[in-house]
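*Asks:* Just model01.txt, nothing more (compact mmCIF, N, CA and C atoms):
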# COMPACT_ATOMS: atom_id res chain seq x y z
N MET A 1 5.88 39.70 -20.59
CA MET A 1 5.80 38.44 -19.88
C MET A 1 6.61 38.49 -18.58
N CYS A 2 7.73 39.14 -18.61
CA CYS A 2 8.55 39.25 -17.42
C CYS A 2 7.80 40.02 -16.33
N ARG A 3 7.07 41.04 -16.73
CA ARG A 3 6.31 41.83 -15.77
C ARG A 3 5.22 40.98 -15.12
N GLU A 4 4.59 40.09 -15.89
CA GLU A 4 3.55 39.22 -15.34
C GLU A 4 4.13 38.28 -14.29
N LEU A 5 5.33 37.80 -14.52
CA LEU A 5 5.96 36.92 -13.54
C LEU A 5 6.27 37.66 -12.26
N ARG A 6 6.71 38.91 -12.39
CA ARG A 6 6.99 39.70 -11.20
C ARG A 6 5.71 39.97 -10.41
N ILE A 7 4.63 40.22 -11.09
CA ILE A 7 3.37 40.47 -10.40
C ILE A 7 2.89 39.19 -9.71
N ALA A 8 3.02 38.07 -10.39
CA ALA A 8 2.61 36.81 -9.79
C ALA A 8 3.46 36.49 -8.56
N TYR A 9 4.74 36.82 -8.63
CA TYR A 9 5.62 36.57 -7.49
C TYR A 9 5.24 37.45 -6.31
N LEU A 10 4.87 38.67 -6.56
CA LEU A 10 4.47 39.56 -5.49
C LEU A 10 3.15 39.12 -4.86
N VAL A 11 2.24 38.62 -5.68
CA VAL A 11 0.95 38.20 -5.16
C VAL A 11 1.10 36.94 -4.31
N PHE A 12 1.93 36.01 -4.74
CA PHE A 12 2.10 34.75 -4.05
C PHE A 12 3.38 34.72 -3.23
N ASP A 13 3.68 35.81 -2.58
CA ASP A 13 4.84 35.88 -1.71
C ASP A 13 4.64 34.94 -0.52
N LYS A 14 5.71 34.44 0.07
CA LYS A 14 5.62 33.49 1.16
C LYS A 14 4.95 34.09 2.40
N THR A 15 4.98 35.37 2.54
CA THR A 15 4.33 35.98 3.70
C THR A 15 2.82 35.94 3.56
N ASN A 16 2.32 35.81 2.34
CA ASN A 16 0.88 35.79 2.12
C ASN A 16 0.33 34.37 2.03
N CYS A 17 1.18 33.37 1.91
CA CYS A 17 0.73 31.99 1.73
C CYS A 17 0.90 31.20 3.02
N MET A 18 0.29 30.03 3.00
CA MET A 18 0.49 29.11 4.11
C MET A 18 1.87 28.49 4.00
N GLU A 19 2.34 27.94 5.08
CA GLU A 19 3.66 27.31 5.10
C GLU A 19 3.68 26.09 4.19
N GLN A 20 4.77 25.92 3.45
CA GLN A 20 4.91 24.78 2.55
C GLN A 20 5.43 23.59 3.31
N GLY A 21 5.08 22.38 2.85
CA GLY A 21 5.57 21.17 3.48
C GLY A 21 4.58 20.61 4.48
N TRP A 22 4.92 19.40 4.98
CA TRP A 22 4.06 18.71 5.93
C TRP A 22 4.74 18.60 7.27
N ASP A 23 3.94 18.42 8.26
CA ASP A 23 4.44 18.09 9.58
C ASP A 23 5.04 16.69 9.53
N PRO A 24 6.22 16.47 10.10
CA PRO A 24 6.85 15.15 10.03
C PRO A 24 5.98 14.02 10.60
N GLU A 25 5.22 14.29 11.64
CA GLU A 25 4.36 13.25 12.23
C GLU A 25 3.24 12.87 11.28
N VAL A 26 2.68 13.85 10.60
CA VAL A 26 1.61 13.57 9.63
C VAL A 26 2.17 12.77 8.46
N LYS A 27 3.36 13.11 8.05
CA LYS A 27 4.00 12.39 6.95
C LYS A 27 4.25 10.93 7.31
N LYS A 28 4.74 10.66 8.54
CA LYS A 28 4.97 9.29 8.99
C LYS A 28 3.66 8.51 9.03
N TYR A 29 2.60 9.14 9.54
CA TYR A 29 1.30 8.49 9.63
C TYR A 29 0.75 8.18 8.25
N PHE A 30 0.88 9.13 7.33
CA PHE A 30 0.41 8.94 5.96
C PHE A 30 1.18 7.81 5.27
N LEU A 31 2.47 7.73 5.50
CA LEU A 31 3.26 6.65 4.92
C LEU A 31 2.88 5.29 5.50
N LYS A 32 2.54 5.25 6.78
CA LYS A 32 2.05 4.01 7.37
C LYS A 32 0.77 3.55 6.70
N ILE A 33 -0.13 4.49 6.45
CA ILE A 33 -1.39 4.16 5.79
C ILE A 33 -1.13 3.66 4.38
N LEU A 34 -0.29 4.36 3.64
CA LEU A 34 0.01 3.94 2.26
C LEU A 34 0.69 2.58 2.21
N ASN A 35 1.64 2.33 3.09
CA ASN A 35 2.31 1.03 3.13
C ASN A 35 1.34 -0.08 3.49
N SER A 36 0.44 0.17 4.42
CA SER A 36 -0.53 -0.84 4.81
C SER A 36 -1.46 -1.19 3.66
N ILE A 37 -1.97 -0.18 3.00
CA ILE A 37 -2.90 -0.41 1.88
C ILE A 37 -2.18 -1.11 0.73
N SER A 38 -0.99 -0.66 0.40
CA SER A 38 -0.29 -1.25 -0.75
C SER A 38 0.11 -2.70 -0.49
N MET A 39 0.58 -3.01 0.71
CA MET A 39 0.96 -4.39 1.01
C MET A 39 -0.27 -5.30 1.05
N GLY A 40 -1.37 -4.80 1.58
CA GLY A 40 -2.60 -5.58 1.61
C GLY A 40 -3.13 -5.86 0.21
N LEU A 41 -3.11 -4.85 -0.65
CA LEU A 41 -3.56 -5.04 -2.02
C LEU A 41 -2.64 -5.98 -2.79
N LEU A 42 -1.34 -5.86 -2.56
CA LEU A 42 -0.39 -6.76 -3.22
C LEU A 42 -0.64 -8.21 -2.79
N TRP A 43 -0.85 -8.42 -1.50
CA TRP A 43 -1.12 -9.77 -1.01
C TRP A 43 -2.42 -10.31 -1.60
N MET A 44 -3.46 -9.49 -1.59
CA MET A 44 -4.75 -9.96 -2.13
C MET A 44 -4.66 -10.27 -3.61
N LEU A 45 -4.03 -9.40 -4.38
CA LEU A 45 -3.92 -9.65 -5.81
C LEU A 45 -3.11 -10.91 -6.10
N THR A 46 -2.06 -11.12 -5.34
CA THR A 46 -1.24 -12.33 -5.53
C THR A 46 -2.04 -13.59 -5.21
N MET A 47 -2.75 -13.59 -4.11
CA MET A 47 -3.51 -14.76 -3.71
C MET A 47 -4.69 -15.03 -4.66
N VAL A 48 -5.36 -13.99 -5.09
CA VAL A 48 -6.47 -14.17 -6.02
C VAL A 48 -5.96 -14.66 -7.37
N THR A 49 -4.86 -14.11 -7.82
CA THR A 49 -4.28 -14.57 -9.09
C THR A 49 -3.87 -16.03 -9.01
N ALA A 50 -3.19 -16.39 -7.95
CA ALA A 50 -2.77 -17.79 -7.80
C ALA A 50 -3.97 -18.71 -7.63
N GLY A 51 -4.97 -18.26 -6.91
CA GLY A 51 -6.11 -19.12 -6.64
C GLY A 51 -7.06 -19.28 -7.82
N LEU A 52 -7.36 -18.20 -8.51
CA LEU A 52 -8.34 -18.27 -9.59
C LEU A 52 -7.71 -18.49 -10.96
N TYR A 53 -6.70 -17.73 -11.28
CA TYR A 53 -6.11 -17.83 -12.61
C TYR A 53 -5.38 -19.16 -12.80
N PHE A 54 -4.61 -19.56 -11.80
CA PHE A 54 -3.89 -20.82 -11.88
C PHE A 54 -4.70 -21.98 -11.31
N GLN A 55 -5.94 -21.71 -10.90
CA GLN A 55 -6.90 -22.71 -10.41
C GLN A 55 -6.35 -23.54 -9.25
N LEU A 56 -5.74 -22.85 -8.32
CA LEU A 56 -5.21 -23.53 -7.13
C LEU A 56 -6.18 -23.49 -5.95
N ALA A 57 -7.18 -22.62 -5.99
CA ALA A 57 -8.07 -22.45 -4.85
C ALA A 57 -9.11 -23.55 -4.75
N TYR A 58 -9.35 -24.28 -5.79
CA TYR A 58 -10.34 -25.36 -5.76
C TYR A 58 -9.78 -26.59 -6.46
N ALA A 59 -10.23 -27.73 -5.96
CA ALA A 59 -9.75 -28.99 -6.52
C ALA A 59 -10.51 -29.26 -7.83
N GLY A 60 -9.77 -29.52 -8.85
CA GLY A 60 -10.37 -29.80 -10.13
C GLY A 60 -9.70 -31.00 -10.76
N ASP A 61 -9.03 -30.79 -11.87
CA ASP A 61 -8.33 -31.85 -12.58
C ASP A 61 -6.97 -32.18 -11.96
N LYS A 62 -6.51 -31.30 -11.08
CA LYS A 62 -5.20 -31.47 -10.46
C LYS A 62 -5.30 -32.31 -9.19
N PRO A 63 -4.18 -32.81 -8.73
CA PRO A 63 -4.19 -33.48 -7.42
C PRO A 63 -4.54 -32.49 -6.31
N VAL A 64 -5.12 -33.00 -5.25
CA VAL A 64 -5.58 -32.16 -4.13
C VAL A 64 -4.40 -31.54 -3.39
N VAL A 65 -3.22 -32.09 -3.51
CA VAL A 65 -2.06 -31.58 -2.78
C VAL A 65 -1.75 -30.13 -3.19
N TYR A 66 -2.00 -29.75 -4.43
CA TYR A 66 -1.78 -28.38 -4.86
C TYR A 66 -2.73 -27.41 -4.15
N THR A 67 -3.97 -27.83 -4.00
CA THR A 67 -4.94 -26.99 -3.30
C THR A 67 -4.57 -26.86 -1.83
N ILE A 68 -4.14 -27.93 -1.22
CA ILE A 68 -3.73 -27.90 0.19
C ILE A 68 -2.52 -26.99 0.37
N LEU A 69 -1.54 -27.12 -0.51
CA LEU A 69 -0.36 -26.25 -0.44
C LEU A 69 -0.73 -24.78 -0.64
N TYR A 70 -1.66 -24.52 -1.55
CA TYR A 70 -2.10 -23.13 -1.78
C TYR A 70 -2.67 -22.54 -0.50
N TYR A 71 -3.54 -23.29 0.17
CA TYR A 71 -4.15 -22.75 1.39
C TYR A 71 -3.15 -22.65 2.54
N ILE A 72 -2.18 -23.52 2.59
CA ILE A 72 -1.12 -23.39 3.60
C ILE A 72 -0.32 -22.12 3.36
N VAL A 73 0.03 -21.86 2.09
CA VAL A 73 0.77 -20.64 1.75
C VAL A 73 -0.09 -19.41 2.02
N LEU A 74 -1.39 -19.48 1.73
CA LEU A 74 -2.30 -18.36 1.96
C LEU A 74 -2.36 -18.00 3.44
N VAL A 75 -2.53 -18.99 4.30
CA VAL A 75 -2.62 -18.74 5.74
C VAL A 75 -1.27 -18.25 6.29
N THR A 76 -0.18 -18.84 5.82
CA THR A 76 1.15 -18.43 6.29
C THR A 76 1.45 -16.99 5.90
N THR A 77 1.18 -16.64 4.65
CA THR A 77 1.46 -15.27 4.22
C THR A 77 0.51 -14.27 4.86
N LEU A 78 -0.72 -14.71 5.15
CA LEU A 78 -1.64 -13.82 5.89
C LEU A 78 -1.09 -13.54 7.28
N GLY A 79 -0.55 -14.56 7.94
CA GLY A 79 0.07 -14.35 9.24
C GLY A 79 1.26 -13.40 9.17
N LEU A 80 2.06 -13.55 8.12
CA LEU A 80 3.20 -12.64 7.94
C LEU A 80 2.74 -11.22 7.66
N LEU A 81 1.65 -11.08 6.90
CA LEU A 81 1.11 -9.75 6.62
C LEU A 81 0.59 -9.09 7.89
N ILE A 82 -0.09 -9.85 8.72
CA ILE A 82 -0.59 -9.31 9.99
C ILE A 82 0.58 -8.93 10.90
N ARG A 83 1.62 -9.74 10.91
CA ARG A 83 2.82 -9.42 11.68
C ARG A 83 3.45 -8.13 11.17
N TYR A 84 3.50 -7.95 9.86
CA TYR A 84 4.03 -6.72 9.25
C TYR A 84 3.20 -5.52 9.68
N TYR A 85 1.86 -5.66 9.64
CA TYR A 85 0.99 -4.57 10.09
C TYR A 85 1.24 -4.24 11.56
N TYR A 86 1.37 -5.26 12.37
CA TYR A 86 1.61 -5.03 13.79
C TYR A 86 2.92 -4.28 14.02
N ARG A 87 3.97 -4.66 13.32
CA ARG A 87 5.27 -4.01 13.50
C ARG A 87 5.25 -2.57 13.00
N ILE A 88 4.52 -2.30 11.92
CA ILE A 88 4.43 -0.93 11.43
C ILE A 88 3.66 -0.05 12.40
N TRP A 89 2.50 -0.50 12.86
CA TRP A 89 1.62 0.34 13.66
C TRP A 89 2.02 0.37 15.12
N ARG A 90 2.93 -0.49 15.55
CA ARG A 90 3.39 -0.46 16.93
C ARG A 90 4.28 0.76 17.20
N LYS A 91 5.02 1.18 16.20
CA LYS A 91 5.97 2.29 16.37
C LYS A 91 5.28 3.60 16.62
Spit out the file's structure as structure tokens when you get a sec.
*Replies:*
Amino acid sequence: MCRELRIAYLVFDKTNCMEQGWDPEVKKYFLKILNSISMGLLWMLTMVTAGLYFQLAYAGDKPVVYTILYYIVLVTTLGLLIRYYYRIWRK
């Protein structure tokens, strides 16, 4: 078994392989993409859960003030999300 490891090490020597790791610029760009997608999904899941599961998106048996507050919070947080996207992608 030890001999097999030595052979594998010789075959996959660093001189024969591509360089390990990422370019720092690519890593920053990839993190921007991941942060944008994750924050957008988190916002959407939160708003859909509050709107459909807790029945805040439509007026039903509850007073209309809850529906109005839901949509005010939805628009406000959407504005904050867009501001977050702008600040991330501006850099």
*Asks:* What is the CA of Leu74 (chain A) to atom N of Leu45 (chain A) distance in Å?
*Replies:*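 Separating CA of Leu74 (chain A) from atom N of Leu45 (chain A) is a distance of 11.1 Å.
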*Asks:* Which residue is closest to Tyr29 (chain A)? Choose from A:Ala59, A:Leu52, A:Ile88, A:Thr67 and count only C-alpha atoms.
*Replies:*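 Of the candidates, the smallest distance to Tyr29 (chain A) is held by A:Ile88.
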*Asks:* Quick one: of A:Met39, A:Leu31, A:Met44, A:Leu69, who's nearest to Leu56 (chain A), counting all atoms listed in the file?
*Replies:* A:Leu69
*Asks:* Could you tell me how far CA of Thr77 (chain A) sits from CA of Ser38 (chain A), in Å to one decimal place?
*Replies:* 15.0 Å
*Asks:* Go ahead and compute the interatomic distance for CA of Tyr70 (chain A) and CA of Tyr85 (chain A), in Å to one decimal.
*Replies:*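 Interatomic distance, CA of Tyr70 (chain A) to CA of Tyr85 (chain A): 22.2 Å.
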*Asks:* A:Trp43, A:Asp61, A:Lys32, A:Gln55: which is nearest Val75 (chain A), counting only C-alpha atoms?
*Replies:*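 Distance minimum relative to Val75 (chain A) lands on A:Trp43.
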